[in-house]
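**Student:** One file is attached below, input.cif, containing mmCIF, C-alpha atoms and all ligand atoms.
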data_upload
loop_
_atom_site.label_atom_id
_atom_site.label_comp_id
_atom_site.auth_asym_id
_atom_site.auth_seq_id
_atom_site.Cartn_x
_atom_site.Cartn_y
_atom_site.Cartn_z
CA MET I 1 17.12 -11.22 18.76
CA THR I 2 20.38 -9.66 17.64
CA SER I 3 20.28 -11.57 14.35
CA LEU I 4 16.95 -9.92 13.43
CA LEU I 5 18.08 -6.48 14.60
CA SER I 6 21.43 -6.70 12.84
CA THR I 7 19.62 -6.97 9.51
CA PHE I 8 18.59 -3.31 9.98
CA GLN I 9 21.83 -1.79 8.71
CA LEU I 10 22.02 2.00 8.95
CA THR I 11 21.78 3.12 5.34
CA ALA I 12 22.24 6.56 3.85
CA LEU I 13 20.40 7.62 0.72
CA PRO I 14 22.86 7.64 -2.20
CA PRO I 15 24.18 11.16 -3.08
CA VAL I 16 22.15 11.28 -6.35
CA ALA I 17 18.98 11.10 -4.24
CA ALA I 18 19.37 14.73 -3.13
CA ALA I 19 19.36 15.97 -6.73
CA PHE I 20 16.40 13.71 -7.51
CA ARG I 21 14.51 15.11 -4.51
CA ARG I 22 14.94 18.63 -5.93
CA GLU I 23 13.49 17.46 -9.27
CA VAL I 24 10.48 15.90 -7.50
CA LYS I 25 9.85 19.03 -5.44
CA ALA I 26 9.96 21.18 -8.61
CA PHE I 27 7.48 18.83 -10.32
CA LEU I 28 5.12 18.95 -7.34
CA ALA I 29 5.30 22.75 -7.12
CA GLU I 30 3.98 22.83 -10.68
CA HIS I 31 1.53 19.91 -10.79
CA LEU I 32 0.10 19.35 -7.33
CA PRO I 33 -3.59 20.29 -7.27
CA GLU I 34 -4.47 23.01 -4.74
CA LEU I 35 -6.31 21.12 -1.99
CA PRO I 36 -7.27 21.86 1.64
CA PRO I 37 -5.42 19.79 4.29
CA GLU I 38 -8.35 17.45 4.97
CA LYS I 39 -8.25 16.41 1.28
CA ARG I 40 -4.45 16.19 1.18
CA ALA I 41 -4.64 13.95 4.27
CA ARG I 42 -6.25 11.29 2.00
CA SER I 43 -3.02 11.12 -0.08
CA TRP I 44 -2.50 7.42 -0.81
CA MET I 45 -6.28 6.92 -0.62
CA GLY I 46 -6.80 9.93 -2.95
CA PHE I 47 -7.59 8.89 -6.54
CA ASN I 48 -6.75 11.38 -9.31
CA ALA I 49 -6.03 9.71 -12.67
CA GLY I 50 -4.96 13.05 -14.19
CA PHE I 51 -2.29 13.58 -11.55
CA SER I 52 -1.07 9.98 -11.93
CA ARG I 53 -0.79 10.46 -15.71
CA ALA I 54 1.14 13.71 -15.23
CA LEU I 55 3.53 11.82 -12.96
CA ALA I 56 3.75 9.03 -15.57
CA GLY I 57 4.50 11.68 -18.21
CA ARG I 58 7.53 12.66 -16.14
CA GLY I 59 8.61 8.98 -16.10
CA TRP I 60 7.83 8.39 -12.43
CA VAL I 61 5.16 5.69 -12.54
CA GLY I 62 6.84 2.31 -12.75
CA ILE I 63 9.88 4.18 -11.54
CA THR I 64 11.86 0.99 -10.78
CA LEU I 65 10.82 -0.85 -13.97
CA PRO I 66 13.43 -1.24 -16.74
CA ALA I 67 13.61 1.33 -19.55
CA GLN I 68 12.81 -1.37 -22.16
CA TYR I 69 9.26 -1.44 -20.74
CA GLY I 70 8.95 2.34 -20.44
CA GLY I 71 10.08 2.50 -16.80
CA ALA I 72 12.59 4.94 -15.36
CA GLY I 73 14.95 2.10 -14.40
CA LEU I 74 15.72 3.85 -11.10
CA ASP I 75 16.58 2.02 -7.89
CA PRO I 76 14.33 1.52 -4.82
CA PHE I 77 16.10 4.47 -3.11
CA SER I 78 14.77 6.83 -5.80
CA ARG I 79 11.32 5.35 -5.25
CA PHE I 80 11.76 5.99 -1.53
CA VAL I 81 12.52 9.68 -2.20
CA LEU I 82 9.62 10.04 -4.65
CA VAL I 83 7.15 8.40 -2.25
CA GLU I 84 8.38 10.47 0.67
CA GLU I 85 7.90 13.73 -1.25
CA LEU I 86 4.50 12.72 -2.64
CA LEU I 87 3.15 11.75 0.78
CA ALA I 88 4.71 14.68 2.63
CA CYS I 89 2.62 17.08 0.57
CA GLY I 90 -0.46 14.83 0.42
CA ALA I 91 -0.42 14.19 -3.34
CA PRO I 92 -3.35 12.04 -4.58
CA VAL I 93 -1.41 8.93 -5.60
CA SER I 94 -3.83 6.08 -5.17
CA ALA I 95 -4.68 5.62 -8.89
CA HIS I 96 -1.24 4.33 -9.88
CA TRP I 97 0.00 3.33 -6.41
CA ILE I 98 -0.55 -0.42 -6.38
CA ALA I 99 0.66 -0.97 -9.97
CA ASP I 100 3.82 1.03 -9.25
CA ARG I 101 4.57 -0.54 -5.89
CA GLN I 102 3.51 -4.17 -6.31
CA SER I 103 1.83 -5.35 -9.48
CA GLY I 104 4.46 -3.99 -11.90
CA PRO I 105 7.45 -5.40 -9.95
CA LEU I 106 5.57 -8.70 -9.50
CA ILE I 107 4.86 -9.03 -13.24
CA LEU I 108 8.49 -8.15 -13.95
CA ARG I 109 9.67 -10.90 -11.59
CA TYR I 110 7.22 -13.70 -12.36
CA GLY I 111 5.40 -12.75 -15.57
CA SER I 112 5.94 -14.19 -19.05
CA ASP I 113 7.62 -12.11 -21.77
CA GLU I 114 4.19 -11.49 -23.31
CA GLN I 115 2.76 -10.29 -19.99
CA LYS I 116 5.70 -7.97 -19.43
CA ALA I 117 5.42 -6.53 -22.94
CA PHE I 118 1.66 -6.03 -22.57
CA TYR I 119 1.21 -4.70 -19.02
CA LEU I 120 4.42 -2.93 -18.03
CA PRO I 121 4.42 -0.18 -20.71
CA ARG I 122 0.76 0.51 -19.89
CA ILE I 123 1.56 0.80 -16.18
CA CYS I 124 4.42 3.20 -16.93
CA LYS I 125 2.16 5.41 -19.06
CA GLY I 126 -0.43 5.61 -16.28
CA GLY I 127 -2.85 3.69 -18.51
CA ALA I 128 -3.23 0.51 -16.42
CA PHE I 129 -4.30 0.81 -12.80
CA PHE I 130 -4.22 -2.36 -10.68
CA CYS I 131 -5.90 -3.53 -7.50
CA ILE I 132 -5.03 -6.42 -5.16
CA GLY I 133 -7.49 -9.30 -4.84
CA MET I 134 -6.35 -11.17 -1.77
CA SER I 135 -9.03 -10.81 0.96
CA GLU I 136 -12.38 -12.61 0.74
CA PRO I 137 -15.48 -12.46 2.96
CA ASN I 138 -14.20 -15.47 4.93
CA SER I 139 -10.47 -15.14 4.25
CA GLY I 140 -8.64 -12.12 5.57
CA SER I 141 -5.84 -12.90 7.98
CA ASP I 142 -6.13 -16.57 7.07
CA LEU I 143 -5.26 -15.90 3.46
CA ALA I 144 -4.44 -19.55 2.68
CA SER I 145 -8.17 -20.32 2.95
CA VAL I 146 -9.16 -18.31 -0.15
CA ALA I 147 -12.05 -20.00 -1.93
CA THR I 148 -12.28 -18.08 -5.21
CA ARG I 149 -11.54 -20.72 -7.78
CA ALA I 150 -10.19 -20.68 -11.34
CA VAL I 151 -10.96 -24.00 -13.05
CA PRO I 152 -8.97 -24.98 -16.18
CA GLU I 153 -10.97 -24.89 -19.43
CA PRO I 154 -10.32 -27.23 -22.42
CA ASP I 155 -8.93 -24.29 -24.49
CA GLY I 156 -6.22 -23.64 -21.87
CA GLY I 157 -8.08 -20.73 -20.26
CA TRP I 158 -9.75 -20.54 -16.84
CA ARG I 159 -13.30 -20.17 -15.54
CA LEU I 160 -13.36 -17.92 -12.46
CA ASN I 161 -15.99 -17.98 -9.71
CA GLY I 162 -15.95 -16.44 -6.23
CA ARG I 163 -15.82 -13.17 -4.33
CA LYS I 164 -13.17 -10.71 -3.13
CA ILE I 165 -13.70 -7.97 -0.55
CA TRP I 166 -12.09 -4.73 0.67
CA THR I 167 -10.45 -4.38 -2.74
CA THR I 168 -9.02 -0.87 -2.81
CA ASN I 169 -10.05 1.04 -5.99
CA ALA I 170 -11.63 -2.00 -7.68
CA ASP I 171 -14.33 0.31 -9.06
CA ARG I 172 -11.74 2.51 -10.78
CA CYS I 173 -8.98 0.10 -11.79
CA HIS I 174 -8.48 -1.76 -15.03
CA TYR I 175 -7.03 -4.98 -13.62
CA MET I 176 -6.99 -7.08 -10.45
CA LEU I 177 -4.06 -9.30 -9.52
CA ALA I 178 -5.98 -11.99 -7.68
CA LEU I 179 -4.92 -14.89 -5.48
CA VAL I 180 -7.16 -17.85 -6.37
CA ARG I 181 -7.35 -21.60 -5.97
CA THR I 182 -6.48 -23.44 -9.18
CA SER I 183 -6.29 -26.96 -7.76
CA GLY I 184 -7.08 -28.96 -4.62
CA ASN I 185 -9.42 -27.72 -1.92
CA ALA I 186 -9.49 -25.70 1.32
CA GLU I 187 -7.60 -28.42 3.26
CA ASP I 188 -4.66 -28.06 0.85
CA ARG I 189 -4.11 -24.56 2.24
CA GLN I 190 -1.10 -22.89 0.53
CA ARG I 191 -0.80 -25.66 -2.08
CA GLY I 192 -2.89 -25.13 -5.22
CA LEU I 193 -3.04 -21.32 -5.01
CA SER I 194 -2.08 -19.21 -8.03
CA GLN I 195 -2.10 -15.58 -9.12
CA VAL I 196 -4.17 -14.45 -12.09
CA ILE I 197 -4.74 -11.09 -13.73
CA VAL I 198 -8.44 -10.30 -14.13
CA ASP I 199 -9.62 -7.66 -16.59
CA LEU I 200 -12.28 -5.95 -14.48
CA SER I 201 -14.33 -5.03 -17.57
CA ALA I 202 -14.84 -8.74 -18.43
CA PRO I 203 -18.41 -10.15 -18.48
CA GLY I 204 -19.33 -11.74 -15.13
CA VAL I 205 -17.36 -9.26 -12.96
CA THR I 206 -19.51 -7.18 -10.58
CA VAL I 207 -17.97 -4.44 -8.44
CA ARG I 208 -19.93 -3.07 -5.47
CA PRO I 209 -18.29 -0.09 -3.70
CA ILE I 210 -18.35 -0.11 0.13
CA HIS I 211 -18.54 3.14 2.15
CA ASP I 212 -16.20 3.60 5.10
CA LEU I 213 -16.70 5.59 8.32
CA ALA I 214 -15.34 8.80 6.73
CA GLY I 215 -17.94 8.58 3.93
CA ASP I 216 -15.47 7.59 1.21
CA ALA I 217 -15.98 4.52 -0.99
CA HIS I 218 -12.38 3.60 -1.81
CA PHE I 219 -12.79 -0.17 -1.52
CA SER I 220 -15.28 -2.64 -2.98
CA GLU I 221 -16.68 -6.13 -2.98
CA VAL I 222 -15.98 -7.88 -6.30
CA SER I 223 -17.90 -10.97 -7.48
CA PHE I 224 -16.92 -13.30 -10.30
CA GLU I 225 -19.60 -15.36 -12.01
CA ASP I 226 -18.24 -17.64 -14.72
CA VAL I 227 -15.66 -15.09 -15.76
CA MET I 228 -13.65 -16.54 -18.66
CA LEU I 229 -9.93 -15.83 -18.37
CA PRO I 230 -7.43 -16.51 -21.15
CA ALA I 231 -4.54 -18.92 -20.51
CA GLN I 232 -2.19 -15.91 -20.30
CA ALA I 233 -4.06 -14.64 -17.21
CA LEU I 234 -1.91 -16.91 -15.01
CA VAL I 235 1.13 -15.09 -13.57
CA GLY I 236 4.11 -17.27 -12.72
CA ARG I 237 3.73 -20.99 -12.18
CA GLU I 238 0.43 -22.63 -11.32
CA GLY I 239 0.46 -23.48 -7.62
CA SER I 240 3.13 -20.86 -6.75
CA GLY I 241 0.65 -18.16 -5.74
CA TRP I 242 1.48 -18.34 -2.05
CA GLU I 243 5.21 -17.81 -2.47
CA GLN I 244 4.59 -15.00 -5.00
CA VAL I 245 2.10 -13.21 -2.76
CA ASN I 246 4.54 -13.29 0.14
CA ALA I 247 7.29 -11.73 -1.97
CA GLU I 248 4.77 -9.01 -2.92
CA LEU I 249 4.00 -8.27 0.73
CA ALA I 250 7.60 -7.21 1.44
CA PHE I 251 7.09 -4.41 -1.12
CA GLU I 252 3.69 -3.60 0.37
CA ARG I 253 4.69 -3.32 4.01
CA SER I 254 7.99 -1.54 4.36
CA GLY I 255 7.82 1.76 2.47
CA PRO I 256 7.36 5.34 3.71
CA GLU I 257 3.60 4.95 3.16
CA ARG I 258 3.55 2.93 6.41
CA LEU I 259 4.97 5.95 8.29
CA TYR I 260 3.41 8.99 6.63
CA SER I 261 -0.36 8.31 6.66
CA SER I 262 -0.87 11.04 9.31
CA VAL I 263 1.93 13.36 8.22
CA VAL I 264 -0.38 16.00 6.70
CA LEU I 265 -2.15 16.19 10.07
CA LEU I 266 1.20 16.52 11.85
CA ASP I 267 2.28 19.35 9.52
CA THR I 268 -1.09 21.11 9.84
CA TRP I 269 -0.80 20.82 13.64
CA ILE I 270 2.72 22.31 13.57
CA ALA I 271 1.53 25.16 11.31
CA ALA I 272 -1.31 25.91 13.76
CA LEU I 273 1.15 25.91 16.68
CA ARG I 274 3.23 28.53 14.87
CA ARG I 275 0.16 30.78 14.87
CA VAL I 276 -0.79 30.13 18.52
CA PRO I 277 2.27 30.77 20.74
CA GLU I 278 0.27 29.98 23.93
CA ALA I 279 -0.11 26.36 22.81
CA ARG I 280 3.62 25.77 22.46
CA ARG I 281 3.80 23.40 25.38
CA ASP I 282 2.85 20.85 22.69
CA THR I 283 6.29 21.25 21.16
CA VAL I 284 7.60 18.52 23.49
CA THR I 285 5.05 16.10 22.00
CA ILE I 286 5.97 17.22 18.48
CA GLY I 287 9.67 16.71 19.24
CA ARG I 288 9.01 13.17 20.44
CA LEU I 289 7.02 12.41 17.28
CA ALA I 290 9.85 13.78 15.10
CA ALA I 291 12.38 11.58 16.93
CA ARG I 292 10.21 8.49 16.44
CA LEU I 293 9.75 9.30 12.78
CA ALA I 294 13.52 9.66 12.29
CA VAL I 295 14.12 6.16 13.71
CA LEU I 296 11.30 4.57 11.71
CA ARG I 297 12.51 6.26 8.54
CA ALA I 298 15.98 4.80 9.12
CA MET I 299 14.42 1.33 9.54
CA SER I 300 12.36 1.73 6.37
CA LEU I 301 15.51 2.80 4.50
CA ALA I 302 17.34 -0.28 5.82
CA VAL I 303 14.59 -2.50 4.37
CA THR I 304 14.77 -0.53 1.10
CA ALA I 305 18.49 -1.39 0.93
CA ARG I 306 17.62 -5.10 1.26
CA LEU I 307 14.99 -4.81 -1.49
CA ALA I 308 17.55 -2.98 -3.64
CA ALA I 309 19.89 -5.96 -3.13
CA GLY I 310 17.18 -8.26 -4.52
CA GLU I 311 16.26 -9.78 -1.16
CA SER I 312 12.77 -10.30 0.27
CA PRO I 313 12.96 -9.14 3.92
CA VAL I 314 9.43 -10.18 4.89
CA VAL I 315 9.91 -10.23 8.69
CA GLU I 316 11.74 -6.89 8.75
CA ALA I 317 9.00 -5.36 6.58
CA ALA I 318 6.39 -6.66 9.06
CA LEU I 319 8.31 -5.01 11.91
CA VAL I 320 8.45 -1.65 10.09
CA LYS I 321 4.74 -1.81 9.31
CA ASP I 322 3.76 -2.69 12.87
CA LEU I 323 5.85 0.09 14.45
CA GLY I 324 5.03 2.50 11.63
CA THR I 325 1.26 2.13 11.89
CA GLU I 326 1.46 2.47 15.68
CA PHE I 327 3.26 5.78 15.12
CA GLU I 328 0.74 6.91 12.50
CA GLN I 329 -2.14 6.08 14.83
CA SER I 330 -0.61 7.92 17.78
CA ILE I 331 -0.60 11.26 15.89
CA PRO I 332 -4.40 11.81 15.79
CA ALA I 333 -4.71 10.62 19.41
CA LEU I 334 -2.07 13.11 20.59
CA ALA I 335 -3.46 15.92 18.41
CA GLU I 336 -6.93 15.28 19.83
CA ALA I 337 -5.59 15.63 23.38
CA ALA I 338 -3.75 18.84 22.43
CA LEU I 339 -6.84 20.39 20.85
CA GLY I 340 -8.93 19.39 23.82
CA ALA I 341 -6.48 21.18 26.13
CA ASP I 342 -6.29 24.30 23.99
CA PRO I 343 -9.44 25.93 22.61
CA GLN I 344 -7.42 28.34 20.48
CA LEU I 345 -5.98 25.45 18.50
CA ALA I 346 -9.39 23.84 18.10
CA ALA I 347 -10.61 27.06 16.48
CA ASP I 348 -8.43 26.34 13.41
CA PRO I 349 -10.99 24.86 10.95
CA GLY I 350 -8.42 23.21 8.63
CA LEU I 351 -6.72 21.46 11.53
CA TYR I 352 -10.04 20.44 13.03
CA ARG I 353 -11.35 18.94 9.78
CA THR I 354 -8.05 17.14 9.08
CA LEU I 355 -8.06 15.70 12.59
CA ALA I 356 -11.68 14.56 12.19
CA TYR I 357 -10.82 12.71 8.98
CA VAL I 358 -7.56 11.14 10.19
CA SER I 359 -9.14 10.04 13.51
CA GLN I 360 -11.87 8.22 11.60
CA VAL I 361 -9.57 6.35 9.22
CA ALA I 362 -6.60 5.72 11.54
CA PRO I 363 -7.97 2.39 12.90
CA SER I 364 -7.68 0.99 9.36
CA TYR I 365 -3.89 1.62 9.26
CA SER I 366 -3.22 -1.50 11.33
CA LEU I 367 -5.71 -3.60 9.31
CA ARG I 368 -4.85 -2.87 5.66
CA GLY I 369 -1.83 -4.80 4.40
CA GLY I 370 -2.06 -7.35 7.25
CA THR I 371 -3.31 -6.80 10.80
CA ARG I 372 -1.16 -5.97 13.81
CA GLU I 373 -1.70 -9.40 15.39
CA ILE I 374 -0.68 -11.23 12.23
CA LEU I 375 2.45 -9.10 11.84
CA ARG I 376 3.43 -9.70 15.46
CA GLY I 377 3.00 -13.45 14.91
CA MET I 378 5.44 -13.20 11.97
CA ILE I 379 7.92 -11.18 14.03
CA ALA I 380 7.72 -13.77 16.84
CA ARG I 381 8.44 -16.49 14.27
CA GLY I 382 11.36 -14.42 12.95
CA LEU I 383 12.73 -14.34 16.51
CA GLY I 384 12.33 -18.12 16.80
CA LEU I 385 9.58 -17.77 19.40
CA ARG I 386 6.88 -19.68 17.52
C1 LIG I 401 -8.47 0.41 4.24
C2 LIG I 401 -8.33 -1.04 3.85
C3 LIG I 401 -7.93 -1.36 2.58
C4 LIG I 401 -7.81 -2.69 2.21
N1 LIG I 401 -7.46 -2.98 0.91
C5 LIG I 401 -7.36 -4.27 0.53
C6 LIG I 401 -7.04 -4.61 -0.83
O1 LIG I 401 -6.83 -3.73 -1.67
N2 LIG I 401 -6.99 -5.92 -1.16
C7 LIG I 401 -7.19 -6.92 -0.28
O2 LIG I 401 -7.09 -8.08 -0.66
N3 LIG I 401 -7.52 -6.64 1.01
C8 LIG I 401 -7.61 -5.36 1.44
N4 LIG I 401 -7.93 -5.05 2.74
C9 LIG I 401 -8.27 -6.14 3.64
C10 LIG I 401 -7.24 -6.42 4.72
O3 LIG I 401 -6.07 -6.97 4.19
C11 LIG I 401 -7.94 -7.32 5.74
O4 LIG I 401 -8.93 -6.54 6.37
C12 LIG I 401 -7.00 -7.88 6.75
O5 LIG I 401 -6.10 -8.78 6.16
C13 LIG I 401 -7.78 -8.59 7.90
O6 LIG I 401 -8.67 -9.52 7.41
P1 LIG I 401 -10.20 -9.53 7.91
O7 LIG I 401 -10.75 -8.15 7.70
O8 LIG I 401 -10.89 -10.67 7.24
O9 LIG I 401 -10.14 -9.77 9.48
P2 LIG I 401 -9.96 -11.17 10.24
O10 LIG I 401 -8.91 -11.98 9.57
O11 LIG I 401 -11.32 -11.78 10.42
O12 LIG I 401 -9.40 -10.69 11.64
C14 LIG I 401 -10.24 -10.11 12.64
C15 LIG I 401 -9.38 -9.83 13.87
O13 LIG I 401 -8.86 -11.08 14.38
C16 LIG I 401 -7.44 -11.04 14.44
N5 LIG I 401 -6.87 -12.34 14.07
C17 LIG I 401 -7.19 -13.08 12.99
N6 LIG I 401 -6.44 -14.20 12.96
C18 LIG I 401 -5.61 -14.15 14.02
C19 LIG I 401 -4.56 -15.00 14.52
N7 LIG I 401 -4.23 -16.14 13.89
N8 LIG I 401 -3.92 -14.62 15.65
C20 LIG I 401 -4.23 -13.48 16.29
N9 LIG I 401 -5.23 -12.64 15.88
C21 LIG I 401 -5.89 -12.97 14.75
C22 LIG I 401 -7.02 -9.98 13.45
O14 LIG I 401 -5.76 -9.44 13.78
C23 LIG I 401 -8.15 -8.97 13.56
O15 LIG I 401 -7.92 -8.10 14.64
C24 LIG I 401 -8.07 -3.73 3.14
C25 LIG I 401 -8.46 -3.40 4.44
C26 LIG I 401 -8.60 -2.07 4.80
C27 LIG I 401 -9.02 -1.74 6.20
#
Write out the structure in this file as structure tokens.
Ligand SMILES: Cc1cc2nc3c(=O)[nH]c(=O)nc-3n(C[C@H](O)[C@H](O)[C@H](O)COP(=O)(O)OP(=O)(O)OC[C@H]3O[C@@H](n4cnc5c(N)ncnc54)[C@H](O)[C@@H]3O)c2cc1C

**Tutor:**
Amino acid sequence: MTSLLSTFQLTALPPVAAAFRREVKAFLAEHLPELPPEKRARSWMGFNAGFSRALAGRGWVGITLPAQYGGAGLDPFSRFVLVEELLACGAPVSAHWIADRQSGPLILRYGSDEQKAFYLPRICKGGAFFCIGMSEPNSGSDLASVATRAVPEPDGGWRLNGRKIWTTNADRCHYMLALVRTSGNAEDRQRGLSQVIVDLSAPGVTVRPIHDLAGDAHFSEVSFEDVMLPAQALVGREGSGWEQVNAELAFERSGPERLYSSVVLLDTWIAALRRVPEARRDTVTIGRLAARLAVLRAMSLAVTARLAAGESPVVEAALVKDLGTEFEQSIPALAEAALGADPQLAADPGLYRTLAYVSQVAPSYSLRGGTREILRGMIARGLGLR
């Protein structure tokens, strides 16, 4: 137990981060579109290519990628500050989000020189948006059972057939980084899996958007029918897909985005409380939420320090995501109870609409990026209990 906990070293943001935060705030004051809170609450589900390109113009997409590829060459702490500021004000970041957080760093780590030279500058300019092709209709939690298959062709390329599902932004992205089987069969599990980059405009790719409970269609089902991929589509070594995907998940699970999904609702609730003094008994609840957020933020920063040191703290990232999503999900539940107890608060239309949206999407927080049960299984293994 103590060995897992001791890996969460209390970490302060480096002094330069404060100056960087001021720069980000100034940028957002100028460029953030004027949106009502229920739209800002979408934040990392909110797609706005223009905003992403403006951010890229400032050098902040691919923020951790080296300058030789057009990146800002900043450390993961700067990314932490940028992400925190973007999410705190509900900026629509989803267009560039996955490329910045996962696909770019993954290509940098495992890609060939040609792949780096081709994709990374495009990512940094906001001209290449990526999606993640892991889940399939019969492979979600059990990711090792993916059945989408890329078969080698005589010319060195690959023929791709299969189906992915729940792919965030597949209908609006340029590329998918997909986990596929390149050898063996289902019984081989992790062996024989590889990662390939699929150009989503290629013949044989069909993208069918899926509507969620809140009426948005941010994810899709994607089918591949004899899609011809060039040899250079393979990222890293053939058969190393499992290990690569797991390294990617440490980036996916530990950042401030796993703490701030309901933060616009929390801020809107606090603003409403300022206007309704009679409802201030809720301040105790707000204080508790602020205390929880402070602890979770410290844990997320501790994982950021490990990522900055080049490590891959997969178990710690799972712990942050599990606790973080529980926190994010508790905010709409507590706000709902507060509004129910106080009709004056419920009369605030912005708060009411934001709560309606966040309540509908909050169940997905503990599904996307790996479900709660799967994360807890990983944590148990990290504690030597499985
Ligand atoms: C908003 C959203 C966005 C998403 N975006 C993407 C994306 O961009 N790319 C992508 O690839 N996927 C994406 N996903 C898919 C997501 O990763 C999967 O939904 C998730 O991994 C669960 O898989 P599943 O839906 O097949 O559920 P299942 O794996 O069928 O699980 C169903 C239930 O059974 C539980 N369960 C399963 N196995 C076990 C076990 N061994 N022990 C205990 N309990 C278990 C699960 O915890 C869950 O509660 C997204 C999902 C959501 C909700």

**Student:** Name each residue within 9 Å of ligand LIG 401 (chain I), counting only C-alpha atoms and all ligand atoms, as a count of residues only.

**Tutor:** 44

**Student:** Could you list, as a list in words, every residue within 7 Å of segment 313-318 of chain I, counting only C-alpha atoms and ignoring same-chain residues fewer than 3 positions away?

**Tutor:**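 These residues fall inside the cut-off: Ala250, Arg253, Ser254, Val303, Arg306, Lys321, Asp322, Leu375, Met378, Ile379 and Gly382 of chain I.
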
**Student:** I need the chosen residues saved as an mmCIF file, in the frame of the given file, with C-alpha atoms.

**Tutor:**
data_model
loop_
_atom_site.group_PDB
_atom_site.id
_atom_site.type_symbol
_atom_site.label_atom_id
_atom_site.label_comp_id
_atom_site.auth_asym_id
_atom_site.auth_seq_id
_atom_site.Cartn_x
_atom_site.Cartn_y
_atom_site.Cartn_z
ATOM 1 C CA ALA I 250 7.600 -7.210 1.440
ATOM 2 C CA ARG I 253 4.690 -3.320 4.010
ATOM 3 C CA SER I 254 7.990 -1.540 4.360
ATOM 4 C CA VAL I 303 14.590 -2.500 4.370
ATOM 5 C CA ARG I 306 17.620 -5.100 1.260
ATOM 6 C CA LYS I 321 4.740 -1.810 9.310
ATOM 7 C CA ASP I 322 3.760 -2.690 12.870
ATOM 8 C CA LEU I 375 2.450 -9.100 11.840
ATOM 9 C CA MET I 378 5.440 -13.200 11.970
ATOM 10 C CA ILE I 379 7.920 -11.180 14.030
ATOM 11 C CA GLY I 382 11.360 -14.420 12.950
#

**Student:** Point out the residue among I:Leu259, I:Val151, I:Leu28, I:Ala247 with the least atom-to-atom distance to Leu307 of chain I, counting only C-alpha atoms.

**Tutor:** I:Ala247

**Student:** So how far away is atom CA of Ala91 of chain I from atom CA of Ala18 of chain I, in Å?

**Tutor:**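 Pair atom CA of Ala18 of chain I / atom CA of Ala91 of chain I returns 19.8 Å.
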
**Student:** Skip Glu114 of chain I itself and residues of its chain fewer than 4 positions away, then list as a list in words all residues within 12 Å of it, counting all atoms listed in the file.

**Tutor:** Tyr69, Ile107, Leu108, Tyr110, Phe118, Tyr119, Leu120, Pro121, Ala231, Gln232, Ala233, Leu234 and Val235 of chain I

**Student:** Mind checking which residues fall within 10 Å of Leu334 of chain I, counting all atoms listed in the file, ignoring those fewer than 2 positions away in the same chain, and posting them as a list of chain:residue names?

**Tutor:**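 The contact residues come out as I:Leu266, I:Asp282, I:Thr285, I:Ile286, I:Leu289, I:Gln329, I:Ser330, I:Ile331, I:Pro332, I:Glu336, I:Ala337, I:Ala338, I:Leu339, I:Gly340.
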
**Student:** Around all of segment 160-173 of chain I's listed atoms, make the axis-aligned box with 8 Å on each side and tell me centre and edge lengths in Å to one decimal, as lines of an AutoDock Vina configuration file.

**Tutor:**
center_x = -12.5
center_y = -7.7
center_z = -5.9
size_x = 23.0
size_y = 36.5
size_z = 29.1

**Student:** Take segment 169-178 of chain I, model N, CA and C atoms, and hand the result over as a PDB file, in the frame of the given file.

**Tutor:**
ATOM      1  N   ASN I 169      -9.915   0.479  -4.628  1.00  0.00           N
ATOM      2  CA  ASN I 169     -10.050   1.040  -5.990  1.00  0.00           C
ATOM      3  C   ASN I 169     -10.544   0.059  -7.053  1.00  0.00           C
ATOM      4  N   ALA I 170     -11.165  -1.054  -6.656  1.00  0.00           N
ATOM      5  CA  ALA I 170     -11.630  -2.000  -7.680  1.00  0.00           C
ATOM      6  C   ALA I 170     -12.594  -1.340  -8.662  1.00  0.00           C
ATOM      7  N   ASP I 171     -13.341  -0.330  -8.179  1.00  0.00           N
ATOM      8  CA  ASP I 171     -14.330   0.310  -9.060  1.00  0.00           C
ATOM      9  C   ASP I 171     -13.677   1.262 -10.065  1.00  0.00           C
ATOM     10  N   ARG I 172     -12.373   1.538  -9.897  1.00  0.00           N
ATOM     11  CA  ARG I 172     -11.740   2.510 -10.780  1.00  0.00           C
ATOM     12  C   ARG I 172     -10.498   1.960 -11.468  1.00  0.00           C
ATOM     13  N   CYS I 173     -10.190   0.688 -11.199  1.00  0.00           N
ATOM     14  CA  CYS I 173      -8.980   0.100 -11.790  1.00  0.00           C
ATOM     15  C   CYS I 173      -9.312  -0.696 -13.040  1.00  0.00           C
ATOM     16  N   HIS I 174      -8.301  -0.940 -13.822  1.00  0.00           N
ATOM     17  CA  HIS I 174      -8.480  -1.760 -15.030  1.00  0.00           C
ATOM     18  C   HIS I 174      -8.312  -3.249 -14.734  1.00  0.00           C
ATOM     19  N   TYR I 175      -7.368  -3.577 -13.845  1.00  0.00           N
ATOM     20  CA  TYR I 175      -7.030  -4.980 -13.620  1.00  0.00           C
ATOM     21  C   TYR I 175      -6.939  -5.299 -12.127  1.00  0.00           C
ATOM     22  N   MET I 176      -7.238  -6.573 -11.808  1.00  0.00           N
ATOM     23  CA  MET I 176      -6.990  -7.080 -10.450  1.00  0.00           C
ATOM     24  C   MET I 176      -5.951  -8.195 -10.548  1.00  0.00           C
ATOM     25  N   LEU I 177      -4.971  -8.151  -9.660  1.00  0.00           N
ATOM     26  CA  LEU I 177      -4.060  -9.300  -9.520  1.00  0.00           C
ATOM     27  C   LEU I 177      -4.621 -10.112  -8.362  1.00  0.00           C
ATOM     28  N   ALA I 178      -5.211 -11.249  -8.688  1.00  0.00           N
ATOM     29  CA  ALA I 178      -5.980 -11.990  -7.680  1.00  0.00           C
ATOM     30  C   ALA I 178      -5.274 -13.285  -7.283  1.00  0.00           C
TER      31      ALA I 178
END
